[in-house]
Amino acid sequence: MQISHEAIYRSLFIQSRGVLKKELTAHLRTRRQIRHAKGAQTPTGQGQILDMVSIRERPAEAEDRAVPGHWEGDLLIGAGDTRIATLVERHSRFTMLVKLTKRDSATAVTALARKIGKLPEELRRSLTWDQGKEMARHRSFTVATNVQVYFCDPRSPWQRGTNENTNGLLRQYLPRTTNLSRLSQAQLDAIALRLNQRPRKTLDFETPADRLDKVLQ
């Protein structure tokens, strides 16, 4: 017999009338006390982005993870609406963190292009993002890196599932109460290194760093 994690969560929250007791939340990675319904609409800061290319046009090789170099990206939000960008490679789950000094699209795109541009060519194939305004200048990113950006459907975080899961892991190092503007790029790189040296069940307990190293050999 099998039971989904969603069924377990529902059972626990129903028993506690929607609010988990402290002894239960202590075992949750997010420490979240209130259960939010899946698919609930929340403010995302999304707006119209010109010339978006749908995720449905993303190469099949990105979907099956067979070929490295396809990335998923998102913003991680901290205290005071401070933010950093997170990038996760789909094949290896290798993570890179990018410091953002401002909130505008030009700053985000420039910082992301600089980070991606340091990668070898075989690791620069595509980037999947949601429809956040930080990617409004995605054409500039593609010109600078030769990496096509593919956009998810609205309110569809599962289309960036690898990135979503990684952001959950990052919360162990960067809780929501963290002022992310106070962290240097060197500090972010150190956190990414810890995550990349962490064995993953989905990689047969290899680390993302080891899996990526095999690609580059």
# chains A, B, ... in the order shown; residues from 1 in each chain; ligands from 1
call {"tool": "closest_atom_pairs", "arguments": {"of": "region 38-138 of chain A", "to": "region 170-179 of chain A", "cutoff": "7 Å", "atoms": "only C-alpha atoms", "output": "Markdown table"}}
result
| residue | atom | partner | partner_atom | distance |
| --- | --- | --- | --- | --- |
| A:Ile77 | CA | A:Arg176 | CA | 6.9 |
| A:Gly78 | CA | A:Arg176 | CA | 4.8 |
| A:Ala79 | CA | A:Asn179 | CA | 4.9 |
| A:Gly80 | CA | A:Asn179 | CA | 6.8 |
| A:Thr82 | CA | A:Asn179 | CA | 6.2 |
call {"tool": "residues_around", "arguments": {"residues": "region 84-96 of chain A", "least_positions_apart": "2", "cutoff": "8 Å", "atoms": "only C-alpha atoms", "output": "PyMOL selection string"}}
result
chain A and resi 62+65-77+82+98-100+108+112+162-163+166-167+180+189+192+195-196+203+208-209+211-212
call {"tool": "residues_around", "arguments": {"residues": "region 140-157 of chain A", "least_positions_apart": "4", "cutoff": "9 Å", "atoms": "only C-alpha atoms", "output": "number ranges by chain"}}
result
A: 39-42, 44, 46, 52-58, 106, 109-110, 112-114, 116-117, 124-131, 135, 161, 163-164
call {"tool": "select_by_dssp", "arguments": {"residues": "region 50-214 of chain A", "states": "strand (DSSP E or B)", "output": "PyMOL selection string"}}
result
chain A and resi 54+70-77+83-89+95-99+126-129+132+148-151+200+206
call {"tool": "select_by_dssp", "arguments": {"residues": "region 184-214 of chain A", "states": "helix (DSSP H, G or I)", "output": "compact mmCIF listing (two decimals) with N, CA and C atoms, in the first residue's frame"}}
result
# COMPACT_ATOMS: atom_id res chain seq x y z
N GLN A 185 28.51 37.82 -1.71
CA GLN A 185 28.51 36.73 -2.69
C GLN A 185 29.36 35.57 -2.21
N ALA A 186 30.45 35.87 -1.51
CA ALA A 186 31.29 34.80 -0.97
C ALA A 186 30.53 33.95 0.04
N GLN A 187 29.73 34.58 0.87
CA GLN A 187 28.93 33.83 1.84
C GLN A 187 27.88 32.98 1.14
N LEU A 188 27.27 33.51 0.11
CA LEU A 188 26.28 32.74 -0.66
C LEU A 188 26.95 31.56 -1.35
N ASP A 189 28.15 31.76 -1.87
CA ASP A 189 28.89 30.67 -2.51
C ASP A 189 29.20 29.56 -1.50
N ALA A 190 29.50 29.95 -0.27
CA ALA A 190 29.80 28.96 0.77
C ALA A 190 28.57 28.13 1.11
N ILE A 191 27.40 28.77 1.14
CA ILE A 191 26.15 28.04 1.40
C ILE A 191 25.84 27.10 0.25
N ALA A 192 26.02 27.58 -0.98
CA ALA A 192 25.79 26.73 -2.15
C ALA A 192 26.73 25.53 -2.14
N LEU A 193 27.96 25.74 -1.72
CA LEU A 193 28.92 24.64 -1.65
C LEU A 193 28.46 23.57 -0.67
N ARG A 194 27.94 23.98 0.48
CA ARG A 194 27.44 23.02 1.46
C ARG A 194 26.30 22.19 0.87
N LEU A 195 25.44 22.86 0.13
CA LEU A 195 24.30 22.16 -0.48
C LEU A 195 24.79 21.21 -1.59
N ASN A 196 25.78 21.65 -2.34
CA ASN A 196 26.28 20.84 -3.46
C ASN A 196 27.12 19.65 -2.99
N LYS A 201 19.26 11.56 -2.23
CA LYS A 201 18.64 10.27 -2.53
C LYS A 201 18.31 10.16 -4.01
N THR A 202 17.82 11.26 -4.60
CA THR A 202 17.43 11.24 -6.01
C THR A 202 18.61 11.03 -6.95
N LEU A 203 19.84 11.23 -6.41
CA LEU A 203 21.07 10.99 -7.19
C LEU A 203 21.77 9.71 -6.75
N PRO A 208 25.49 16.59 -5.68
CA PRO A 208 25.39 17.35 -6.93
C PRO A 208 26.76 17.69 -7.51
N ALA A 209 27.72 18.00 -6.65
CA ALA A 209 29.06 18.35 -7.13
C ALA A 209 29.71 17.16 -7.82
N ASP A 210 29.56 15.96 -7.25
CA ASP A 210 30.14 14.77 -7.87
C ASP A 210 29.46 14.47 -9.21
N ARG A 211 28.14 14.60 -9.25
CA ARG A 211 27.41 14.32 -10.49
C ARG A 211 27.81 15.29 -11.60
N LEU A 212 27.97 16.56 -11.24
CA LEU A 212 28.37 17.55 -12.24
C LEU A 212 29.81 17.33 -12.68
N ASP A 213 30.66 16.92 -11.76
CA ASP A 213 32.06 16.67 -12.08
C ASP A 213 32.18 15.57 -13.14
N LYS A 214 31.31 14.57 -13.08
CA LYS A 214 31.33 13.51 -14.07
C LYS A 214 31.03 14.05 -15.47
call {"tool": "atom_distance", "arguments": {"atom1": "CA of Leu119 (chain A)", "atom2": "CA of Ser105 (chain A)"}}
result
21.7 Å
